[in-house]
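**Q** Just one file: final_36.cif, with mmCIF, C-alpha atoms.
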```cif
data_input
loop_
_atom_site.label_atom_id
_atom_site.label_comp_id
_atom_site.auth_asym_id
_atom_site.auth_seq_id
_atom_site.Cartn_x
_atom_site.Cartn_y
_atom_site.Cartn_z
CA MET A 644 -13.59 40.28 11.82
CA LEU A 645 -9.81 40.01 11.35
CA ARG A 646 -9.81 36.72 13.17
CA SER A 647 -12.62 35.41 10.90
CA THR A 648 -10.78 36.61 7.78
CA SER A 649 -7.60 34.97 9.02
CA LYS A 650 -9.39 31.66 9.47
CA TRP A 651 -10.90 31.96 5.96
CA LEU A 652 -7.49 32.62 4.40
CA SER A 653 -5.98 29.77 6.38
CA GLY A 654 -8.71 27.48 5.05
CA LEU A 655 -7.92 28.53 1.50
CA VAL A 656 -4.24 27.72 2.01
CA VAL A 657 -5.06 24.27 3.38
CA ALA A 658 -7.55 23.59 0.57
CA GLY A 659 -5.02 24.77 -2.00
CA ALA A 660 -2.35 22.53 -0.54
CA PHE A 661 -4.75 19.57 -0.65
CA VAL A 662 -5.65 20.21 -4.30
CA ALA A 663 -1.97 20.54 -5.18
CA SER A 664 -1.24 17.27 -3.39
CA VAL A 665 -4.02 15.47 -5.27
CA ALA A 666 -2.78 16.92 -8.58
CA THR A 667 0.77 15.76 -7.85
CA ALA A 668 -0.43 12.29 -6.92
CA SER A 669 -2.54 12.00 -10.07
CA ALA A 670 0.47 13.04 -12.16
CA GLU A 671 2.60 10.15 -10.89
CA PRO A 672 3.55 7.71 -13.69
CA ILE A 673 1.68 4.43 -14.03
CA LYS A 674 3.78 1.44 -12.94
CA ILE A 675 4.01 -1.52 -15.32
CA ALA A 676 5.78 -4.73 -14.33
CA ILE A 677 7.65 -6.80 -16.92
CA ALA A 678 8.18 -10.47 -16.08
CA ASN A 679 10.65 -11.96 -18.55
CA PHE A 680 11.88 -15.55 -18.59
CA GLY A 681 15.48 -14.63 -19.44
CA GLU A 682 17.79 -12.46 -21.52
CA HIS A 683 17.48 -13.40 -25.19
CA PRO A 684 17.46 -11.28 -28.39
CA GLN A 685 13.90 -12.32 -29.36
CA LEU A 686 12.48 -11.72 -25.89
CA ASN A 687 14.35 -8.44 -25.46
CA ALA A 688 13.00 -7.29 -28.84
CA SER A 689 9.46 -8.07 -27.68
CA ILE A 690 9.99 -5.83 -24.65
CA ALA A 691 11.37 -3.01 -26.79
CA GLY A 692 8.37 -3.29 -29.13
CA PHE A 693 5.97 -3.29 -26.17
CA LYS A 694 7.42 -0.04 -24.82
CA LYS A 695 7.42 1.53 -28.29
CA ALA A 696 3.74 0.77 -28.85
CA LEU A 697 2.80 2.18 -25.46
CA ALA A 698 4.78 5.37 -26.17
CA ASP A 699 3.06 5.65 -29.56
CA ASN A 700 -0.27 5.41 -27.72
CA GLY A 701 0.50 8.21 -25.29
CA PHE A 702 2.28 6.33 -22.49
CA VAL A 703 5.80 7.76 -22.55
CA GLU A 704 8.41 6.02 -20.37
CA GLY A 705 9.53 8.17 -17.43
CA LYS A 706 6.65 10.59 -17.86
CA ASP A 707 3.43 8.59 -18.11
CA VAL A 708 4.72 5.12 -17.21
CA VAL A 709 7.62 3.52 -15.38
CA TYR A 710 8.71 -0.08 -15.82
CA SER A 711 9.89 -2.61 -13.26
CA GLU A 712 11.68 -5.44 -15.10
CA SER A 713 12.74 -8.83 -13.83
CA ASN A 714 13.79 -12.22 -15.24
CA THR A 715 14.81 -15.64 -13.91
CA SER A 716 17.56 -16.55 -16.41
CA PHE A 717 15.23 -19.27 -17.76
CA ASP A 718 14.86 -20.95 -14.35
CA ALA A 719 11.17 -21.91 -14.15
CA SER A 720 11.43 -22.69 -10.43
CA LEU A 721 12.10 -19.01 -9.72
CA VAL A 722 9.11 -17.65 -11.69
CA PRO A 723 6.58 -17.76 -8.77
CA GLN A 724 9.01 -15.76 -6.63
CA MET A 725 9.50 -13.21 -9.44
CA ILE A 726 5.75 -12.80 -9.93
CA ALA A 727 5.19 -12.36 -6.17
CA LYS A 728 7.89 -9.69 -6.03
CA LEU A 729 6.42 -7.76 -8.96
CA GLN A 730 2.90 -8.08 -7.55
CA SER A 731 4.07 -6.56 -4.24
CA GLU A 732 5.00 -3.41 -6.17
CA HIS A 733 1.29 -2.90 -7.02
CA PRO A 734 1.64 -2.38 -10.79
CA LYS A 735 -1.26 -1.24 -12.93
CA LEU A 736 -0.48 -4.08 -15.39
CA ILE A 737 1.95 -6.98 -15.75
CA TYR A 738 3.58 -7.88 -19.08
CA THR A 739 4.59 -11.56 -19.11
CA VAL A 740 7.10 -12.83 -21.65
CA THR A 741 6.91 -16.52 -22.75
CA THR A 742 4.40 -19.27 -22.06
CA PRO A 743 5.81 -20.63 -18.76
CA VAL A 744 5.91 -17.17 -17.18
CA SER A 745 2.41 -16.34 -18.42
CA GLN A 746 0.93 -19.61 -17.16
CA ILE A 747 2.37 -19.15 -13.67
CA ALA A 748 1.38 -15.47 -13.59
CA LYS A 749 -2.23 -16.27 -14.55
CA LYS A 750 -2.56 -18.68 -11.64
CA ALA A 751 -0.70 -16.49 -9.14
CA LEU A 752 -2.54 -13.27 -9.98
CA ALA A 753 -6.07 -14.71 -10.22
CA GLY A 754 -8.43 -12.36 -8.37
CA SER A 755 -5.72 -9.75 -7.78
CA GLY A 756 -7.26 -7.19 -10.12
CA ILE A 757 -3.91 -6.79 -11.93
CA PRO A 758 -4.41 -7.40 -15.67
CA ILE A 759 -1.88 -9.54 -17.56
CA VAL A 760 -0.74 -8.98 -21.14
CA PHE A 761 1.33 -11.90 -22.42
CA THR A 762 3.72 -12.18 -25.36
CA ALA A 763 6.01 -14.72 -27.06
CA VAL A 764 3.34 -17.40 -26.58
CA THR A 765 2.89 -19.68 -29.57
CA ASP A 766 -0.54 -21.08 -28.73
CA PRO A 767 -2.31 -19.31 -25.84
CA VAL A 768 -5.35 -21.58 -26.27
CA ALA A 769 -3.34 -24.80 -25.88
CA ALA A 770 -1.52 -23.17 -22.96
CA LYS A 771 -4.92 -22.46 -21.34
CA LEU A 772 -4.24 -18.74 -21.10
CA VAL A 773 -7.37 -17.85 -23.09
CA PRO A 774 -10.46 -19.90 -23.98
CA SER A 775 -10.18 -19.34 -27.75
CA TRP A 776 -8.43 -17.31 -30.44
CA ASP A 777 -11.46 -15.02 -30.48
CA ALA A 778 -11.39 -13.71 -26.90
CA GLY A 779 -9.24 -13.03 -23.88
CA ASP A 780 -9.89 -14.53 -20.44
CA VAL A 781 -10.67 -12.83 -17.14
CA GLY A 782 -7.82 -10.37 -16.59
CA ILE A 783 -5.57 -11.73 -19.33
CA THR A 784 -4.92 -11.50 -23.07
CA GLY A 785 -1.92 -10.74 -25.24
CA SER A 786 0.07 -11.40 -28.42
CA SER A 787 1.10 -14.70 -29.94
CA ASP A 788 4.35 -15.34 -31.81
CA LEU A 789 2.67 -18.09 -33.84
CA GLN A 790 4.60 -18.52 -37.05
CA ASP A 791 3.09 -19.30 -40.42
CA ILE A 792 4.00 -22.98 -40.50
CA SER A 793 3.03 -23.50 -44.14
CA ALA A 794 5.25 -20.56 -45.15
CA ILE A 795 8.16 -21.97 -43.13
CA LEU A 796 7.86 -25.35 -44.85
CA THR A 797 7.53 -23.73 -48.27
CA PHE A 798 10.72 -21.74 -47.70
CA THR A 799 12.52 -24.84 -46.38
CA LYS A 800 11.57 -26.79 -49.50
CA LYS A 801 12.83 -23.94 -51.72
CA LEU A 802 16.11 -23.85 -49.81
CA LEU A 803 16.57 -27.63 -49.85
CA PRO A 804 14.42 -28.96 -52.73
CA ASN A 805 15.61 -32.54 -52.26
CA ALA A 806 14.79 -32.66 -48.54
CA LYS A 807 11.97 -35.03 -47.66
CA ARG A 808 12.35 -35.54 -43.90
CA ILE A 809 12.27 -32.61 -41.48
CA GLY A 810 13.58 -33.09 -37.95
CA ILE A 811 11.81 -31.14 -35.19
CA PRO A 812 13.62 -30.99 -31.85
CA TYR A 813 11.19 -29.92 -29.12
CA ASN A 814 10.78 -29.83 -25.35
CA PRO A 815 7.92 -32.21 -24.38
CA GLY A 816 7.45 -30.22 -21.17
CA GLU A 817 6.81 -26.90 -22.92
CA ALA A 818 3.32 -26.21 -24.28
CA ASN A 819 4.71 -23.91 -26.98
CA ASP A 820 6.92 -26.66 -28.41
CA VAL A 821 4.22 -29.34 -28.35
CA ALA A 822 1.68 -27.02 -30.00
CA LEU A 823 4.13 -26.13 -32.77
CA LEU A 824 5.03 -29.78 -33.39
CA ASP A 825 1.34 -30.59 -33.86
CA LYS A 826 1.00 -27.76 -36.38
CA VAL A 827 4.08 -28.93 -38.32
CA LYS A 828 2.68 -32.47 -38.44
CA ALA A 829 -0.59 -31.12 -39.85
CA ALA A 830 1.06 -28.96 -42.51
CA ALA A 831 4.01 -31.19 -43.51
CA PRO A 832 2.30 -33.59 -45.97
CA ALA A 833 1.12 -30.75 -48.22
CA ALA A 834 4.67 -29.39 -48.32
CA GLY A 835 6.14 -32.79 -49.15
CA PHE A 836 7.74 -33.48 -45.77
CA GLU A 837 7.78 -36.39 -43.35
CA VAL A 838 8.16 -35.15 -39.76
CA VAL A 839 10.83 -36.68 -37.52
CA PRO A 840 10.34 -35.35 -33.97
CA VAL A 841 12.99 -35.64 -31.26
CA GLY A 842 12.27 -34.76 -27.66
CA VAL A 843 14.86 -32.72 -25.74
CA ASP A 844 14.00 -31.88 -22.15
CA ASN A 845 17.50 -31.10 -20.87
CA VAL A 846 20.27 -29.00 -22.42
CA ASN A 847 22.77 -31.69 -21.49
CA ASP A 848 21.03 -34.08 -23.88
CA ILE A 849 21.11 -31.77 -26.92
CA GLN A 850 24.24 -33.21 -28.57
CA GLN A 851 23.05 -36.81 -28.28
CA ARG A 852 19.45 -36.12 -29.37
CA ILE A 853 20.40 -34.01 -32.40
CA ALA A 854 23.05 -36.56 -33.39
CA SER A 855 20.30 -39.21 -33.36
CA LEU A 856 18.75 -37.47 -36.40
CA ALA A 857 21.72 -38.43 -38.59
CA GLY A 858 20.39 -40.54 -41.47
CA LYS A 859 16.80 -39.86 -40.36
CA ALA A 860 16.33 -36.17 -41.25
CA ASP A 861 17.43 -34.07 -44.24
CA VAL A 862 16.84 -30.72 -42.54
CA ILE A 863 16.09 -29.51 -39.01
CA TYR A 864 13.66 -26.78 -38.03
CA THR A 865 14.27 -25.38 -34.53
CA PRO A 866 11.22 -23.69 -32.98
CA ALA A 867 11.11 -20.67 -30.68
CA SER A 868 11.69 -22.94 -27.71
CA ASN A 869 12.74 -21.56 -24.34
CA LEU A 870 15.06 -24.54 -23.94
CA LEU A 871 16.48 -24.81 -27.45
CA GLN A 872 16.99 -21.20 -28.54
CA PRO A 873 19.29 -20.17 -25.67
CA ALA A 874 21.31 -23.32 -26.50
CA ILE A 875 21.24 -22.93 -30.29
CA PRO A 876 25.07 -23.06 -30.59
CA ALA A 877 24.97 -26.59 -29.12
CA VAL A 878 22.12 -27.58 -31.44
CA ALA A 879 24.02 -26.18 -34.43
CA ALA A 880 27.29 -27.89 -33.49
CA ALA A 881 25.62 -31.30 -33.34
CA ALA A 882 23.67 -30.70 -36.57
CA ARG A 883 26.77 -29.50 -38.40
CA GLN A 884 28.65 -32.62 -37.37
CA ALA A 885 25.77 -34.71 -38.74
CA GLN A 886 25.65 -32.48 -41.88
CA ILE A 887 21.97 -31.64 -41.40
CA PRO A 888 21.19 -28.02 -42.35
CA ILE A 889 19.10 -25.97 -39.91
CA VAL A 890 16.27 -23.54 -40.58
CA ASN A 891 15.85 -21.59 -37.36
CA SER A 892 12.98 -19.56 -35.93
CA ASP A 893 15.37 -16.75 -34.92
CA ASP A 894 17.39 -14.78 -37.48
CA ALA A 895 20.00 -13.58 -34.95
CA ALA A 896 21.65 -17.00 -35.05
CA VAL A 897 21.98 -16.66 -38.84
CA ARG A 898 23.50 -13.18 -38.58
CA ASN A 899 25.93 -14.50 -35.98
CA GLY A 900 27.07 -17.33 -38.26
CA VAL A 901 25.68 -20.09 -36.04
CA VAL A 902 22.99 -21.61 -38.30
CA PRO A 903 22.56 -21.52 -42.09
CA ALA A 904 19.06 -20.08 -42.44
CA SER A 905 15.94 -18.81 -40.71
CA PHE A 906 12.34 -17.97 -41.42
CA ALA A 907 11.48 -15.78 -38.49
CA VAL A 908 8.80 -13.66 -36.93
CA ASN A 909 9.79 -10.09 -36.10
CA TYR A 910 9.66 -10.17 -32.29
CA GLU A 911 9.68 -6.40 -31.98
CA GLN A 912 6.40 -6.45 -33.91
CA VAL A 913 5.07 -9.19 -31.61
CA GLY A 914 5.88 -6.89 -28.69
CA GLU A 915 4.24 -3.93 -30.43
CA ASN A 916 1.08 -6.00 -30.86
CA ALA A 917 1.10 -6.62 -27.09
CA GLY A 918 1.78 -2.96 -26.36
CA LYS A 919 -1.25 -1.87 -28.37
CA ILE A 920 -3.38 -4.25 -26.32
CA ALA A 921 -1.88 -2.95 -23.06
CA ALA A 922 -2.72 0.62 -24.10
CA GLN A 923 -6.36 -0.38 -24.61
CA ILE A 924 -6.47 -1.95 -21.15
CA LEU A 925 -4.84 1.04 -19.48
CA LYS A 926 -7.52 3.22 -21.11
CA GLY A 927 -10.26 1.07 -19.60
CA ALA A 928 -10.85 -1.90 -21.92
CA ASP A 929 -11.62 -5.31 -20.41
CA PRO A 930 -8.93 -7.90 -21.32
CA LYS A 931 -11.68 -10.50 -21.76
CA THR A 932 -13.05 -8.57 -24.74
CA ILE A 933 -9.68 -8.39 -26.56
CA LYS A 934 -8.72 -11.40 -28.67
CA PRO A 935 -5.04 -12.46 -28.80
CA SER A 936 -3.12 -10.98 -31.72
CA VAL A 937 -1.26 -13.11 -34.27
CA PRO A 938 1.66 -12.00 -36.48
CA ALA A 939 0.67 -11.32 -40.07
CA TYR A 940 2.52 -13.02 -42.94
CA LYS A 941 4.33 -9.73 -43.67
CA ASP A 942 5.83 -9.91 -40.16
CA HIS A 943 7.93 -12.93 -41.27
CA ALA A 944 11.19 -12.85 -43.24
CA PRO A 945 13.75 -15.39 -44.57
CA LEU A 946 17.50 -15.02 -44.02
CA ILE A 947 20.37 -17.16 -45.38
CA ASN A 948 24.07 -17.29 -44.55
CA LYS A 949 25.74 -18.78 -47.65
CA THR A 950 29.03 -19.57 -45.92
CA VAL A 951 27.39 -21.41 -43.04
CA LEU A 952 25.00 -23.23 -45.37
CA LYS A 953 27.99 -24.58 -47.29
CA ALA A 954 29.59 -25.72 -44.03
CA PHE A 955 26.43 -27.74 -43.35
CA GLY A 956 26.81 -29.47 -46.71
CA ALA A 957 24.36 -27.48 -48.85
CA GLU A 958 24.33 -24.73 -51.47
CA VAL A 959 21.86 -21.95 -52.26
CA PRO A 960 19.60 -23.19 -55.09
CA ALA A 961 19.05 -21.11 -58.22
CA SER A 962 15.45 -20.41 -57.20
CA LEU A 963 16.66 -18.33 -54.25
CA ALA A 964 19.66 -16.67 -55.92
CA ASP A 965 17.79 -13.36 -56.24
CA CYS A 966 15.81 -13.52 -52.99
CA ASN A 967 17.58 -10.53 -51.40
CA CYS A 968 17.64 -12.49 -48.15
CA PHE A 969 21.37 -13.03 -47.54
CA THR A 970 23.60 -11.95 -44.69
CA LYS A 971 27.39 -11.93 -44.53
#
```
Rewrite the structure of this file - the entire thing - as structure tokens.
**A**
Amino acid sequence: MLRSTSKWLSGLVVAGAFVASVATASAEPIKIAIANFGEHPQLNASIAGFKKALADNGFVEGKDVVYSESNTSFDASLVPQMIAKLQSEHPKLIYTVTTPVSQIAKKALAGSGIPIVFTAVTDPVAAKLVPSWDAGDVGITGSSDLQDISAILTFTKKLLPNAKRIGIPYNPGEANDVALLDKVKAAAPAAGFEVVPVGVDNVNDIQQRIASLAGKADVIYTPASNLLQPAIPAVAAAARQAQIPIVNSDDAAVRNGVVPASFAVNYEQVGENAGKIAAQILKGADPKTIKPSVPAYKDHAPLINKTVLKAFGAEVPASLADCNCFTK
């Protein structure tokens, strides 16, 4: 009888230990991988917004989720290696930042069962990440940083009312840049602009290509390009020498006194949009049923640096004198 009781108690201890082990395992934080193209204020803001949205939806960093972050310093040749490394860590979800990273991740992770949420992608349909703006694809969806092109052109015309030709530097090898150029071409006539595109596929060619716009463009709009934005000081230096004012897609360059003006999307909000989608997926939603999100008009804001604008040969017009959109 004692021996039987002893065995029964021993069984309880073993069963209790097993239950405790299962409970501990189930309490382990979910792992989320973040594949970034490189360190940049806009991209970093999108990561911060992503984490914030997940925390707001019950996935607190360090408690419910842990993040494994990596970037390639904007070297596209290293992206496959980065994705393979993150995949080997068996994350529950991968957050891909920018179009090139998202395109490579979609191909590399096909059939892996690891869902992808992308961000900082201007046109996910043109980039073949999703079939349409109304649905995700198998295992992938996310948030676009598509700017309101008509609003950008309207602001640019208010800032420089006499400007008639708008120069658009772009990287022909980047789907984001090409998609945005097409949208500018479509919207420009209604805003009273002629579009003057200039291809830039190498940072070493920036000075020469921007200088080629002298006498051909009255203003330059620089898109959220993975080639141009990290090199915006070089773009600005060449444009300043040619006395062509810049309206940029990133307001940090305006705050830092590099370019005269911007009409920019809030990238933290773009990241929050992606984080809300990720939360749905982590709770069981199928990415294919979630359409890509697009920034609302209210997620855009103008910013002007008067001193820098003057250095580029222009002044703030009376129509914008009370816009409450200036930085020192």
**Q** With the cut-off set at 12 Å and counting all atoms listed in the file, tabulate each residue of segment 681-740 of chain A with an atom at most that distance from an atom of segment 889-905 of chain A, showing the nearest atom pair and its distance in Å to one decimal, ordered by chain and increasing number, as CSV.
**A**
```
residue,atom,partner,partner_atom,distance
A:His683,CA,A:Ala895,CA,10.1
A:Pro684,CA,A:Ala895,CA,7.4
A:Gln685,CA,A:Asp893,CA,7.3
A:Leu686,CA,A:Asp893,CA,10.7
A:Ala688,CA,A:Ala895,CA,11.2
```
**Q** What would the selection look like, as number ranges by chain, if the PyMOL selection byres ((chain A and resi 825) around 12) were run on the coordinates I just shared?
**A** A: 765-766, 769, 792, 811, 813, 815, 818-824, 826-831, 838-840
**Q** If we count all atoms listed in the file, what is near segment 868-873 of chain A at a cut-off of 9 Å, once residues fewer than 3 positions away on the same chain are taken out, given as a PyMOL selection string?
**A** chain A and resi 680-683+717+741-743+812-814+817+819-820+843-846+849+865+876-878+891-893
**Q** Once you have the residues from the selection above, write them out as a PDB file, in the frame of the given file, restricted to C-alpha atoms.
**A**
```
ATOM      1  CA  PHE A 680      11.880 -15.550 -18.590  1.00  0.00           C
ATOM      2  CA  GLY A 681      15.480 -14.630 -19.440  1.00  0.00           C
ATOM      3  CA  GLU A 682      17.790 -12.460 -21.520  1.00  0.00           C
ATOM      4  CA  HIS A 683      17.480 -13.400 -25.190  1.00  0.00           C
ATOM      5  CA  PHE A 717      15.230 -19.270 -17.760  1.00  0.00           C
ATOM      6  CA  THR A 741       6.910 -16.520 -22.750  1.00  0.00           C
ATOM      7  CA  THR A 742       4.400 -19.270 -22.060  1.00  0.00           C
ATOM      8  CA  PRO A 743       5.810 -20.630 -18.760  1.00  0.00           C
ATOM      9  CA  PRO A 812      13.620 -30.990 -31.850  1.00  0.00           C
ATOM     10  CA  TYR A 813      11.190 -29.920 -29.120  1.00  0.00           C
ATOM     11  CA  ASN A 814      10.780 -29.830 -25.350  1.00  0.00           C
ATOM     12  CA  GLU A 817       6.810 -26.900 -22.920  1.00  0.00           C
ATOM     13  CA  ASN A 819       4.710 -23.910 -26.980  1.00  0.00           C
ATOM     14  CA  ASP A 820       6.920 -26.660 -28.410  1.00  0.00           C
ATOM     15  CA  VAL A 843      14.860 -32.720 -25.740  1.00  0.00           C
ATOM     16  CA  ASP A 844      14.000 -31.880 -22.150  1.00  0.00           C
ATOM     17  CA  ASN A 845      17.500 -31.100 -20.870  1.00  0.00           C
ATOM     18  CA  VAL A 846      20.270 -29.000 -22.420  1.00  0.00           C
ATOM     19  CA  ILE A 849      21.110 -31.770 -26.920  1.00  0.00           C
ATOM     20  CA  THR A 865      14.270 -25.380 -34.530  1.00  0.00           C
ATOM     21  CA  PRO A 876      25.070 -23.060 -30.590  1.00  0.00           C
ATOM     22  CA  ALA A 877      24.970 -26.590 -29.120  1.00  0.00           C
ATOM     23  CA  VAL A 878      22.120 -27.580 -31.440  1.00  0.00           C
ATOM     24  CA  ASN A 891      15.850 -21.590 -37.360  1.00  0.00           C
ATOM     25  CA  SER A 892      12.980 -19.560 -35.930  1.00  0.00           C
ATOM     26  CA  ASP A 893      15.370 -16.750 -34.920  1.00  0.00           C
TER      27      ASP A 893
END
```
**Q** Hey, can you check how far atom CA of Thr799 of chain A sits from atom CA of Ala763 of chain A?
**A** 22.8 Å
**Q** Hey, which of A:Thr797, A:Asn679, A:Ser787, A:Gln730 ends up closest to Ser755 of chain A? Count only C-alpha atoms.
**A**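 Smallest distance to Ser755 of chain A is found for A:Gln730.
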**Q** Care to translate the PyMOL selection byres ((chain A and resi 701-713) around 12) into actual residues of this file, as a VMD selection string?
**A** chain A and resid 669 to 682 687 690 to 691 693 to 700 714 to 717 721 to 740 744 918 to 919 921 to 923 925 to 926
**Q** Check which residues satisfy the PyMOL selection byres ((chain A and resi 775) around 12) in the file shown, then give them as a PyMOL selection string.
**A** chain A and resi 766-774+776-780+784+931-936
